[in-house]
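Please read the structure below before turning to the comments.
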Amino acid sequence: MSTLLLLFDLIGTFVFALSGGVLAVRKRLDLFGVLVLSCAAAVSGGIVRDVLIGAHPPASLADWRYLVTAMVAGLVTFRWCGVIERLRNPVQLFDAAGLALFAVLGTGKALAFGLSPFAAMLLGMVTGIGGGIARDVLVARVPVVLQAELYAIAALAGGGVVALAAAFGLPQHPAMVLGALVCFGLRYMGIRRGWRLPVAGPRE
């Protein structure tokens, strides 16, 4: 099970890194810039979570496979960005899957370190969306998670399922599967159906 979770974690890292690399290419950054944005998008959320819960050193820095996976994704994007852009819909679906996985795993890790269910739910959301925020801030763009389809809310809902299960003493593994499905479902509807929260606008 731990090997399978690591595999899914690395897949999520790779897909999140692709999103950073694509944005870097669109902004006409050099190779170093593409690698920086790829790594930022892939590991920033996990690093913030680990620092806040006292897991030192952060997993993405202690295990070389995370950063190598992110840099490989950056190189792939730098070389074949056009192909990735044409695969936009599949990449978005993988991104949704990565978000779901990161949200529930982040919540589960926070719970394992003794945080309350509410705090763990918030850190699960941070794990899922932190990389996207770091990526957008580095290119001086309003973070997409604050203005686009359901993203942060999806991560919060997925982490919330895991946190509620912990609060009521229910088994964690089925809760993580259900939380991942809830998060993925909400994100999928945001992509396909345009579901989103009300957007702020000037009052008449």
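Going by the structure tokens order, chains are called A, B, ..., each with residues numbered from 1, while ligands are numbered from 1 in the order shown.
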Per residue of segment 53-106 of chain A within 7 Å of segment 173-194 of chain A, record the nearest atom pair and its distance in Å to one decimal, counting only C-alpha atoms, with rows in chain order and ascending residue number, as a Markdown table.
| residue | atom | partner | partner_atom | distance |
| --- | --- | --- | --- | --- |
| A:Ala96 | CA | A:Phe184 | CA | 5.6 |
| A:Ala97 | CA | A:Phe184 | CA | 5.9 |
| A:Ala100 | CA | A:Ala180 | CA | 4.7 |
| A:Leu101 | CA | A:Ala180 | CA | 5.9 |
| A:Val104 | CA | A:Met176 | CA | 5.7 |
Record the distance separating atom CA of Phe32 of chain A and atom CA of Gln92 of chain A, expressed in Å with one decimal. 24.3 Å
Exercise: Leu156 of chain A partners within 10 Å, only C-alpha atoms, chain neighbours under 5 positions left out, as an mmCIF file with all heavy atoms, in the first residue's frame:
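The new file out-v1.cif reads:
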data_model
loop_
_atom_site.group_PDB
_atom_site.id
_atom_site.type_symbol
_atom_site.label_atom_id
_atom_site.label_comp_id
_atom_site.auth_asym_id
_atom_site.auth_seq_id
_atom_site.Cartn_x
_atom_site.Cartn_y
_atom_site.Cartn_z
ATOM 1 N N ALA A 100 -6.758 15.672 -5.707
ATOM 2 C CA ALA A 100 -7.495 14.808 -4.782
ATOM 3 C C ALA A 100 -6.544 14.004 -3.908
ATOM 4 O O ALA A 100 -6.717 13.905 -2.688
ATOM 5 C CB ALA A 100 -8.414 13.881 -5.571
ATOM 6 N N ALA A 103 -4.662 16.280 -1.404
ATOM 7 C CA ALA A 103 -5.539 16.797 -0.340
ATOM 8 C C ALA A 103 -5.770 15.751 0.746
ATOM 9 O O ALA A 103 -5.667 16.050 1.944
ATOM 10 C CB ALA A 103 -6.869 17.254 -0.928
ATOM 11 N N VAL A 104 -6.064 14.516 0.341
ATOM 12 C CA VAL A 104 -6.356 13.489 1.348
ATOM 13 C C VAL A 104 -5.079 13.012 2.033
ATOM 14 O O VAL A 104 -5.070 12.760 3.251
ATOM 15 C CB VAL A 104 -7.136 12.302 0.739
ATOM 16 C CG1 VAL A 104 -8.475 12.762 0.210
ATOM 17 C CG2 VAL A 104 -6.342 11.606 -0.345
ATOM 18 N N THR A 107 -4.057 15.697 4.523
ATOM 19 C CA THR A 107 -4.901 15.639 5.717
ATOM 20 C C THR A 107 -4.512 14.465 6.605
ATOM 21 O O THR A 107 -4.394 14.598 7.830
ATOM 22 C CB THR A 107 -6.381 15.515 5.316
ATOM 23 O OG1 THR A 107 -6.742 16.610 4.466
ATOM 24 C CG2 THR A 107 -7.280 15.519 6.542
ATOM 25 N N MET A 121 -7.678 19.265 8.068
ATOM 26 C CA MET A 121 -8.414 19.538 6.833
ATOM 27 C C MET A 121 -7.838 20.753 6.113
ATOM 28 O O MET A 121 -7.650 20.742 4.891
ATOM 29 C CB MET A 121 -9.886 19.756 7.158
ATOM 30 C CG MET A 121 -10.756 20.126 5.986
ATOM 31 S SD MET A 121 -12.484 20.400 6.457
ATOM 32 C CE MET A 121 -12.327 21.865 7.488
ATOM 33 N N LEU A 122 -7.538 21.798 6.871
ATOM 34 C CA LEU A 122 -6.959 23.000 6.266
ATOM 35 C C LEU A 122 -5.593 22.712 5.663
ATOM 36 O O LEU A 122 -5.263 23.191 4.572
ATOM 37 C CB LEU A 122 -6.852 24.114 7.315
ATOM 38 C CG LEU A 122 -8.173 24.680 7.838
ATOM 39 C CD1 LEU A 122 -7.907 25.763 8.879
ATOM 40 C CD2 LEU A 122 -9.012 25.240 6.699
ATOM 41 N N LEU A 123 -4.779 21.916 6.362
ATOM 42 C CA LEU A 123 -3.456 21.605 5.834
ATOM 43 C C LEU A 123 -3.542 20.679 4.625
ATOM 44 O O LEU A 123 -2.689 20.730 3.741
ATOM 45 C CB LEU A 123 -2.582 20.978 6.919
ATOM 46 C CG LEU A 123 -2.038 21.968 7.951
ATOM 47 C CD1 LEU A 123 -1.168 21.263 8.976
ATOM 48 C CD2 LEU A 123 -1.226 23.068 7.272
ATOM 49 N N GLY A 124 -4.574 19.838 4.577
ATOM 50 C CA GLY A 124 -4.789 19.050 3.377
ATOM 51 C C GLY A 124 -5.075 19.937 2.177
ATOM 52 O O GLY A 124 -4.564 19.699 1.078
ATOM 53 N N MET A 125 -5.885 20.969 2.388
ATOM 54 C CA MET A 125 -6.157 21.918 1.317
ATOM 55 C C MET A 125 -4.872 22.636 0.901
ATOM 56 O O MET A 125 -4.594 22.790 -0.297
ATOM 57 C CB MET A 125 -7.192 22.942 1.761
ATOM 58 C CG MET A 125 -7.530 23.981 0.707
ATOM 59 S SD MET A 125 -8.591 25.317 1.323
ATOM 60 C CE MET A 125 -7.467 26.154 2.452
ATOM 61 N N VAL A 126 -4.077 23.059 1.879
ATOM 62 C CA VAL A 126 -2.807 23.744 1.575
ATOM 63 C C VAL A 126 -1.895 22.844 0.755
ATOM 64 O O VAL A 126 -1.236 23.294 -0.193
ATOM 65 C CB VAL A 126 -2.119 24.185 2.878
ATOM 66 C CG1 VAL A 126 -0.687 24.636 2.603
ATOM 67 C CG2 VAL A 126 -2.910 25.312 3.535
ATOM 68 N N GLY A 128 -2.761 20.619 -1.349
ATOM 69 C CA GLY A 128 -3.249 20.531 -2.711
ATOM 70 C C GLY A 128 -3.086 21.801 -3.529
ATOM 71 O O GLY A 128 -2.784 21.738 -4.720
ATOM 72 N N ILE A 129 -3.250 22.956 -2.888
ATOM 73 C CA ILE A 129 -3.277 24.205 -3.661
ATOM 74 C C ILE A 129 -2.012 25.046 -3.500
ATOM 75 O O ILE A 129 -1.813 26.004 -4.243
ATOM 76 C CB ILE A 129 -4.487 25.071 -3.274
ATOM 77 C CG1 ILE A 129 -4.325 25.668 -1.865
ATOM 78 C CG2 ILE A 129 -5.770 24.271 -3.379
ATOM 79 C CD1 ILE A 129 -5.386 26.677 -1.488
ATOM 80 N N TYR A 151 -11.628 24.580 -6.988
ATOM 81 C CA TYR A 151 -10.289 24.011 -6.842
ATOM 82 C C TYR A 151 -9.964 23.894 -5.353
ATOM 83 O O TYR A 151 -9.852 22.792 -4.816
ATOM 84 C CB TYR A 151 -9.252 24.883 -7.561
ATOM 85 C CG TYR A 151 -7.980 24.151 -7.900
ATOM 86 C CD1 TYR A 151 -7.803 23.574 -9.156
ATOM 87 C CD2 TYR A 151 -6.941 24.032 -6.980
ATOM 88 C CE1 TYR A 151 -6.645 22.888 -9.486
ATOM 89 C CE2 TYR A 151 -5.779 23.355 -7.298
ATOM 90 C CZ TYR A 151 -5.639 22.788 -8.545
ATOM 91 O OH TYR A 151 -4.494 22.103 -8.852
ATOM 92 N N VAL A 161 -13.644 15.099 4.388
ATOM 93 C CA VAL A 161 -14.139 13.729 4.558
ATOM 94 C C VAL A 161 -13.194 12.930 5.441
ATOM 95 O O VAL A 161 -13.617 12.214 6.360
ATOM 96 C CB VAL A 161 -14.304 13.051 3.180
ATOM 97 C CG1 VAL A 161 -14.613 11.566 3.349
ATOM 98 C CG2 VAL A 161 -15.394 13.734 2.373
ATOM 99 N N GLY A 179 -12.814 10.538 0.232
ATOM 100 C CA GLY A 179 -12.419 11.945 0.145
ATOM 101 C C GLY A 179 -11.799 12.273 -1.195
ATOM 102 O O GLY A 179 -12.068 13.334 -1.782
ATOM 103 N N VAL A 182 -14.594 12.517 -3.738
ATOM 104 C CA VAL A 182 -15.351 13.766 -3.587
ATOM 105 C C VAL A 182 -14.578 14.930 -4.191
ATOM 106 O O VAL A 182 -15.129 15.744 -4.957
ATOM 107 C CB VAL A 182 -15.658 14.033 -2.098
ATOM 108 C CG1 VAL A 182 -16.183 15.461 -1.900
ATOM 109 C CG2 VAL A 182 -16.662 13.019 -1.573
ATOM 110 N N CYS A 183 -13.291 15.011 -3.868
ATOM 111 C CA CYS A 183 -12.458 16.105 -4.386
ATOM 112 C C CYS A 183 -12.376 16.040 -5.909
ATOM 113 O O CYS A 183 -12.564 17.047 -6.598
ATOM 114 C CB CYS A 183 -11.065 16.021 -3.764
ATOM 115 S SG CYS A 183 -9.926 17.298 -4.351
#
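The nearest approach to Val22 of chain A among the residues A:Ala157, A:Ala152, A:Leu115, A:Leu87, with only C-alpha atoms taken into account, belongs to A:Leu87.
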Give the answer as one residue: which of A:Arg135, A:Ser2, A:Ala112, A:Leu7 has the shortest atom-to-atom distance to Val36 of chain A, using only C-alpha atoms? A:Arg135
Atom CA of Ala62 of chain A to atom CA of Ala24 of chain A: how many Å, to one decimal? 25.8 Å
Residue list (helix (DSSP H, G or I), DSSP) for segment 115-155 of chain A, as number ranges by chain: A: 117-138, 144-146, 152-155
Keeping N, CA and C atoms for every residue in the selection just given, could you write it to a file as a PDB file, in the first residue's frame?
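Result file follows (selection_16.pdb):
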ATOM      1  N   PRO A 117      -8.802  17.555  13.723  1.00  0.00           N
ATOM      2  CA  PRO A 117      -9.389  17.309  12.396  1.00  0.00           C
ATOM      3  C   PRO A 117      -9.567  18.580  11.570  1.00  0.00           C
ATOM      4  N   PHE A 118      -9.984  19.677  12.225  1.00  0.00           N
ATOM      5  CA  PHE A 118     -10.182  20.922  11.467  1.00  0.00           C
ATOM      6  C   PHE A 118      -8.864  21.449  10.911  1.00  0.00           C
ATOM      7  N   ALA A 119      -7.831  21.474  11.756  1.00  0.00           N
ATOM      8  CA  ALA A 119      -6.522  21.946  11.287  1.00  0.00           C
ATOM      9  C   ALA A 119      -5.965  21.020  10.219  1.00  0.00           C
ATOM     10  N   ALA A 120      -6.171  19.722  10.379  1.00  0.00           N
ATOM     11  CA  ALA A 120      -5.684  18.771   9.382  1.00  0.00           C
ATOM     12  C   ALA A 120      -6.376  18.978   8.040  1.00  0.00           C
ATOM     13  N   MET A 121      -7.678  19.265   8.068  1.00  0.00           N
ATOM     14  CA  MET A 121      -8.414  19.538   6.833  1.00  0.00           C
ATOM     15  C   MET A 121      -7.838  20.753   6.113  1.00  0.00           C
ATOM     16  N   LEU A 122      -7.538  21.798   6.871  1.00  0.00           N
ATOM     17  CA  LEU A 122      -6.959  23.000   6.266  1.00  0.00           C
ATOM     18  C   LEU A 122      -5.593  22.712   5.663  1.00  0.00           C
ATOM     19  N   LEU A 123      -4.779  21.916   6.362  1.00  0.00           N
ATOM     20  CA  LEU A 123      -3.456  21.605   5.834  1.00  0.00           C
ATOM     21  C   LEU A 123      -3.542  20.679   4.625  1.00  0.00           C
ATOM     22  N   GLY A 124      -4.574  19.838   4.577  1.00  0.00           N
ATOM     23  CA  GLY A 124      -4.789  19.050   3.377  1.00  0.00           C
ATOM     24  C   GLY A 124      -5.075  19.937   2.177  1.00  0.00           C
ATOM     25  N   MET A 125      -5.885  20.969   2.388  1.00  0.00           N
ATOM     26  CA  MET A 125      -6.157  21.918   1.317  1.00  0.00           C
ATOM     27  C   MET A 125      -4.872  22.636   0.901  1.00  0.00           C
ATOM     28  N   VAL A 126      -4.077  23.059   1.879  1.00  0.00           N
ATOM     29  CA  VAL A 126      -2.807  23.744   1.575  1.00  0.00           C
ATOM     30  C   VAL A 126      -1.895  22.844   0.755  1.00  0.00           C
ATOM     31  N   THR A 127      -1.859  21.561   1.101  1.00  0.00           N
ATOM     32  CA  THR A 127      -1.031  20.616   0.342  1.00  0.00           C
ATOM     33  C   THR A 127      -1.450  20.581  -1.118  1.00  0.00           C
ATOM     34  N   GLY A 128      -2.761  20.619  -1.349  1.00  0.00           N
ATOM     35  CA  GLY A 128      -3.249  20.531  -2.711  1.00  0.00           C
ATOM     36  C   GLY A 128      -3.086  21.801  -3.529  1.00  0.00           C
ATOM     37  N   ILE A 129      -3.250  22.956  -2.888  1.00  0.00           N
ATOM     38  CA  ILE A 129      -3.277  24.205  -3.661  1.00  0.00           C
ATOM     39  C   ILE A 129      -2.012  25.046  -3.500  1.00  0.00           C
ATOM     40  N   GLY A 130      -1.158  24.692  -2.545  1.00  0.00           N
ATOM     41  CA  GLY A 130       0.014  25.530  -2.271  1.00  0.00           C
ATOM     42  C   GLY A 130       0.948  25.674  -3.450  1.00  0.00           C
ATOM     43  N   GLY A 131       1.124  24.583  -4.196  1.00  0.00           N
ATOM     44  CA  GLY A 131       2.021  24.656  -5.345  1.00  0.00           C
ATOM     45  C   GLY A 131       1.522  25.601  -6.420  1.00  0.00           C
ATOM     46  N   GLY A 132       0.202  25.569  -6.680  1.00  0.00           N
ATOM     47  CA  GLY A 132      -0.356  26.465  -7.685  1.00  0.00           C
ATOM     48  C   GLY A 132      -0.240  27.920  -7.288  1.00  0.00           C
ATOM     49  N   ILE A 133      -0.413  28.191  -5.990  1.00  0.00           N
ATOM     50  CA  ILE A 133      -0.269  29.566  -5.517  1.00  0.00           C
ATOM     51  C   ILE A 133       1.172  30.038  -5.695  1.00  0.00           C
ATOM     52  N   ALA A 134       2.137  29.208  -5.293  1.00  0.00           N
ATOM     53  CA  ALA A 134       3.549  29.578  -5.447  1.00  0.00           C
ATOM     54  C   ALA A 134       3.905  29.797  -6.908  1.00  0.00           C
ATOM     55  N   ARG A 135       3.418  28.938  -7.770  1.00  0.00           N
ATOM     56  CA  ARG A 135       3.679  29.065  -9.210  1.00  0.00           C
ATOM     57  C   ARG A 135       3.174  30.393  -9.751  1.00  0.00           C
ATOM     58  N   ASP A 136       1.932  30.751  -9.398  1.00  0.00           N
ATOM     59  CA  ASP A 136       1.349  31.979  -9.930  1.00  0.00           C
ATOM     60  C   ASP A 136       2.005  33.227  -9.343  1.00  0.00           C
ATOM     61  N   VAL A 137       2.350  33.186  -8.060  1.00  0.00           N
ATOM     62  CA  VAL A 137       3.003  34.338  -7.428  1.00  0.00           C
ATOM     63  C   VAL A 137       4.355  34.603  -8.087  1.00  0.00           C
ATOM     64  N   LEU A 138       5.071  33.560  -8.462  1.00  0.00           N
ATOM     65  CA  LEU A 138       6.392  33.733  -9.070  1.00  0.00           C
ATOM     66  C   LEU A 138       6.330  34.443 -10.414  1.00  0.00           C
ATOM     67  N   VAL A 144      -4.700  31.244  -9.562  1.00  0.00           N
ATOM     68  CA  VAL A 144      -5.882  30.698 -10.207  1.00  0.00           C
ATOM     69  C   VAL A 144      -6.858  30.131  -9.184  1.00  0.00           C
ATOM     70  N   VAL A 145      -6.327  29.581  -8.084  1.00  0.00           N
ATOM     71  CA  VAL A 145      -7.207  28.951  -7.089  1.00  0.00           C
ATOM     72  C   VAL A 145      -8.126  29.960  -6.414  1.00  0.00           C
ATOM     73  N   LEU A 146      -7.850  31.254  -6.570  1.00  0.00           N
ATOM     74  CA  LEU A 146      -8.689  32.281  -5.966  1.00  0.00           C
ATOM     75  C   LEU A 146      -9.745  32.829  -6.909  1.00  0.00           C
ATOM     76  N   ALA A 152      -9.835  25.042  -4.695  1.00  0.00           N
ATOM     77  CA  ALA A 152      -9.560  25.015  -3.264  1.00  0.00           C
ATOM     78  C   ALA A 152     -10.721  24.377  -2.500  1.00  0.00           C
ATOM     79  N   ILE A 153     -11.954  24.681  -2.918  1.00  0.00           N
ATOM     80  CA  ILE A 153     -13.124  24.103  -2.253  1.00  0.00           C
ATOM     81  C   ILE A 153     -13.151  22.593  -2.425  1.00  0.00           C
ATOM     82  N   ALA A 154     -12.755  22.124  -3.609  1.00  0.00           N
ATOM     83  CA  ALA A 154     -12.699  20.678  -3.845  1.00  0.00           C
ATOM     84  C   ALA A 154     -11.688  20.018  -2.918  1.00  0.00           C
ATOM     85  N   ALA A 155     -10.518  20.643  -2.774  1.00  0.00           N
ATOM     86  CA  ALA A 155      -9.496  20.105  -1.879  1.00  0.00           C
ATOM     87  C   ALA A 155      -9.972  20.127  -0.433  1.00  0.00           C
TER      88      ALA A 155
END
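Each of A:Val199, A:Gly108, A:Val76, A:Val139 was compared to Ala163 of chain A using only C-alpha atoms, and A:Gly108 turns out to be the nearest.
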Report, in Å to a single decimal, how far apart atom CA of Pro198 of chain A and atom CA of Gln147 of chain A are. 9.6 Å
Within 8 Å of Gly12 of chain A using only C-alpha atoms, minus same-chain residues under 3 positions, as a list in words: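 That gives Phe8, Asp9, Val15, Phe16, Ala42, Phe94, Asp95, Ala97, Gly98, Leu99, Leu101 and Phe102 of chain A.
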With N, CA and C atoms kept, could you save the residues just selected as an mmCIF file, in the first residue's frame?
data_model
loop_
_atom_site.group_PDB
_atom_site.id
_atom_site.type_symbol
_atom_site.label_atom_id
_atom_site.label_comp_id
_atom_site.auth_asym_id
_atom_site.auth_seq_id
_atom_site.Cartn_x
_atom_site.Cartn_y
_atom_site.Cartn_z
ATOM 1 N N PHE A 8 1.469 7.000 -6.663
ATOM 2 C CA PHE A 8 0.457 8.007 -6.964
ATOM 3 C C PHE A 8 0.951 9.405 -6.583
ATOM 4 N N ASP A 9 1.682 9.494 -5.498
ATOM 5 C CA ASP A 9 2.230 10.776 -5.054
ATOM 6 C C ASP A 9 3.191 11.333 -6.096
ATOM 7 N N VAL A 15 2.441 15.657 -12.603
ATOM 8 C CA VAL A 15 1.383 16.410 -13.296
ATOM 9 C C VAL A 15 1.352 17.860 -12.822
ATOM 10 N N PHE A 16 1.485 18.083 -11.514
ATOM 11 C CA PHE A 16 1.532 19.454 -11.020
ATOM 12 C C PHE A 16 2.738 20.195 -11.591
ATOM 13 N N ALA A 42 5.061 21.732 -7.969
ATOM 14 C CA ALA A 42 4.960 20.335 -7.555
ATOM 15 C C ALA A 42 5.125 20.127 -6.057
ATOM 16 N N PHE A 94 -5.726 14.666 -14.968
ATOM 17 C CA PHE A 94 -4.653 14.181 -14.105
ATOM 18 C C PHE A 94 -4.378 15.175 -12.978
ATOM 19 N N ASP A 95 -4.483 16.458 -13.310
ATOM 20 C CA ASP A 95 -4.302 17.483 -12.283
ATOM 21 C C ASP A 95 -5.371 17.354 -11.205
ATOM 22 N N ALA A 97 -6.884 14.611 -10.396
ATOM 23 C CA ALA A 97 -6.541 13.419 -9.621
ATOM 24 C C ALA A 97 -5.402 13.710 -8.650
ATOM 25 N N GLY A 98 -4.414 14.463 -9.107
ATOM 26 C CA GLY A 98 -3.309 14.833 -8.221
ATOM 27 C C GLY A 98 -3.772 15.699 -7.067
ATOM 28 N N LEU A 99 -4.679 16.626 -7.347
ATOM 29 C CA LEU A 99 -5.237 17.474 -6.291
ATOM 30 C C LEU A 99 -5.951 16.621 -5.249
ATOM 31 N N LEU A 101 -5.518 13.446 -4.539
ATOM 32 C CA LEU A 101 -4.558 12.635 -3.786
ATOM 33 C C LEU A 101 -3.803 13.468 -2.771
ATOM 34 N N PHE A 102 -3.316 14.630 -3.198
ATOM 35 C CA PHE A 102 -2.548 15.481 -2.296
ATOM 36 C C PHE A 102 -3.402 15.964 -1.134
#
Taking 3 positions as the minimum chain separation for residues in the same chain, which residues sit within 12 Å of Thr69 of chain A when counting only C-alpha atoms? Answer as a tab-separated table (two decimals) with N, CA, C and O atoms, in the first residue's frame.
chain	number	residue	atom	x	y	z
A	7	LEU	N	3.77	5.85	-5.45
A	7	LEU	CA	3.65	5.95	-6.91
A	7	LEU	C	2.65	7.02	-7.30
A	7	LEU	O	2.92	7.87	-8.16
A	9	ASP	N	1.68	9.49	-5.50
A	9	ASP	CA	2.23	10.78	-5.05
A	9	ASP	C	3.19	11.33	-6.10
A	9	ASP	O	3.18	12.53	-6.42
A	10	LEU	N	4.03	10.46	-6.65
A	10	LEU	CA	4.98	10.90	-7.67
A	10	LEU	C	4.27	11.26	-8.97
A	10	LEU	O	4.68	12.20	-9.67
A	11	ILE	N	3.21	10.54	-9.30
A	11	ILE	CA	2.42	10.89	-10.49
A	11	ILE	C	1.79	12.26	-10.31
A	11	ILE	O	1.81	13.10	-11.23
A	12	GLY	N	1.22	12.51	-9.12
A	12	GLY	CA	0.66	13.83	-8.85
A	12	GLY	C	1.71	14.91	-8.91
A	12	GLY	O	1.47	16.01	-9.44
A	13	THR	N	2.89	14.62	-8.39
A	13	THR	CA	4.01	15.58	-8.46
A	13	THR	C	4.36	15.89	-9.91
A	13	THR	O	4.56	17.06	-10.27
A	14	PHE	N	4.41	14.87	-10.74
A	14	PHE	CA	4.75	15.06	-12.15
A	14	PHE	C	3.72	15.93	-12.86
A	14	PHE	O	4.08	16.87	-13.59
A	15	VAL	N	2.44	15.66	-12.60
A	15	VAL	CA	1.38	16.41	-13.30
A	15	VAL	C	1.35	17.86	-12.82
A	15	VAL	O	1.21	18.79	-13.63
A	16	PHE	N	1.48	18.08	-11.51
A	16	PHE	CA	1.53	19.45	-11.02
A	16	PHE	C	2.74	20.19	-11.59
A	16	PHE	O	2.66	21.38	-11.91
A	17	ALA	N	3.86	19.49	-11.72
A	17	ALA	CA	5.05	20.12	-12.32
A	17	ALA	C	4.81	20.49	-13.78
A	17	ALA	O	5.31	21.52	-14.26
A	18	LEU	N	4.04	19.67	-14.49
A	18	LEU	CA	3.70	20.02	-15.87
A	18	LEU	C	2.96	21.35	-15.94
A	18	LEU	O	3.21	22.17	-16.84
A	35	LEU	N	12.27	25.10	-14.94
A	35	LEU	CA	12.52	24.13	-13.88
A	35	LEU	C	12.09	24.66	-12.52
A	35	LEU	O	11.54	23.93	-11.69
A	38	SER	N	8.30	24.55	-12.35
A	38	SER	CA	7.86	23.17	-12.26
A	38	SER	C	8.02	22.65	-10.84
A	38	SER	O	7.10	22.02	-10.28
A	39	CYS	N	9.17	22.89	-10.23
A	39	CYS	CA	9.41	22.43	-8.87
A	39	CYS	C	8.50	23.15	-7.88
A	39	CYS	O	7.98	22.53	-6.94
A	41	ALA	N	5.52	24.41	-8.39
A	41	ALA	CA	4.14	23.91	-8.50
A	41	ALA	C	4.00	22.52	-7.90
A	41	ALA	O	2.94	22.17	-7.37
A	42	ALA	N	5.06	21.73	-7.97
A	42	ALA	CA	4.96	20.34	-7.55
A	42	ALA	C	5.13	20.13	-6.06
A	42	ALA	O	4.47	19.25	-5.48
A	43	VAL	N	6.01	20.89	-5.41
A	43	VAL	CA	6.37	20.53	-4.03
A	43	VAL	C	6.08	21.61	-2.99
A	43	VAL	O	6.22	21.34	-1.79
A	60	SER	N	9.54	16.17	0.49
A	60	SER	CA	9.96	16.41	-0.88
A	60	SER	C	11.43	16.82	-0.98
A	60	SER	O	12.01	16.80	-2.07
A	63	ASP	N	13.46	13.14	0.21
A	63	ASP	CA	13.41	12.07	-0.79
A	63	ASP	C	13.71	12.68	-2.15
A	63	ASP	O	12.92	13.47	-2.68
A	64	TRP	N	14.83	12.30	-2.75
A	64	TRP	CA	15.28	12.90	-4.01
A	64	TRP	C	14.31	12.67	-5.16
A	64	TRP	O	14.30	13.41	-6.15
A	65	ARG	N	13.47	11.66	-5.04
A	65	ARG	CA	12.60	11.32	-6.17
A	65	ARG	C	11.58	12.40	-6.49
A	65	ARG	O	11.17	12.55	-7.65
A	66	TYR	N	11.18	13.17	-5.49
A	66	TYR	CA	10.18	14.22	-5.73
A	66	TYR	C	10.74	15.33	-6.62
A	66	TYR	O	10.13	15.71	-7.62
A	72	VAL	N	12.16	16.47	-14.21
A	72	VAL	CA	11.93	15.72	-15.45
A	72	VAL	C	10.68	16.27	-16.15
A	72	VAL	O	10.67	16.46	-17.37
A	73	ALA	N	9.64	16.55	-15.38
A	73	ALA	CA	8.43	17.13	-15.96
A	73	ALA	C	8.73	18.49	-16.58
A	73	ALA	O	8.20	18.83	-17.65
A	74	GLY	N	9.58	19.29	-15.91
A	74	GLY	CA	9.96	20.58	-16.46
A	74	GLY	C	10.70	20.44	-17.78
A	74	GLY	O	10.45	21.19	-18.74
A	75	LEU	N	11.62	19.48	-17.85
A	75	LEU	CA	12.36	19.25	-19.10
A	75	LEU	C	11.43	18.78	-20.22
A	75	LEU	O	11.56	19.21	-21.37
A	76	VAL	N	10.49	17.90	-19.87
A	76	VAL	CA	9.53	17.42	-20.86
A	76	VAL	C	8.70	18.58	-21.39
A	76	VAL	O	8.47	18.70	-22.60
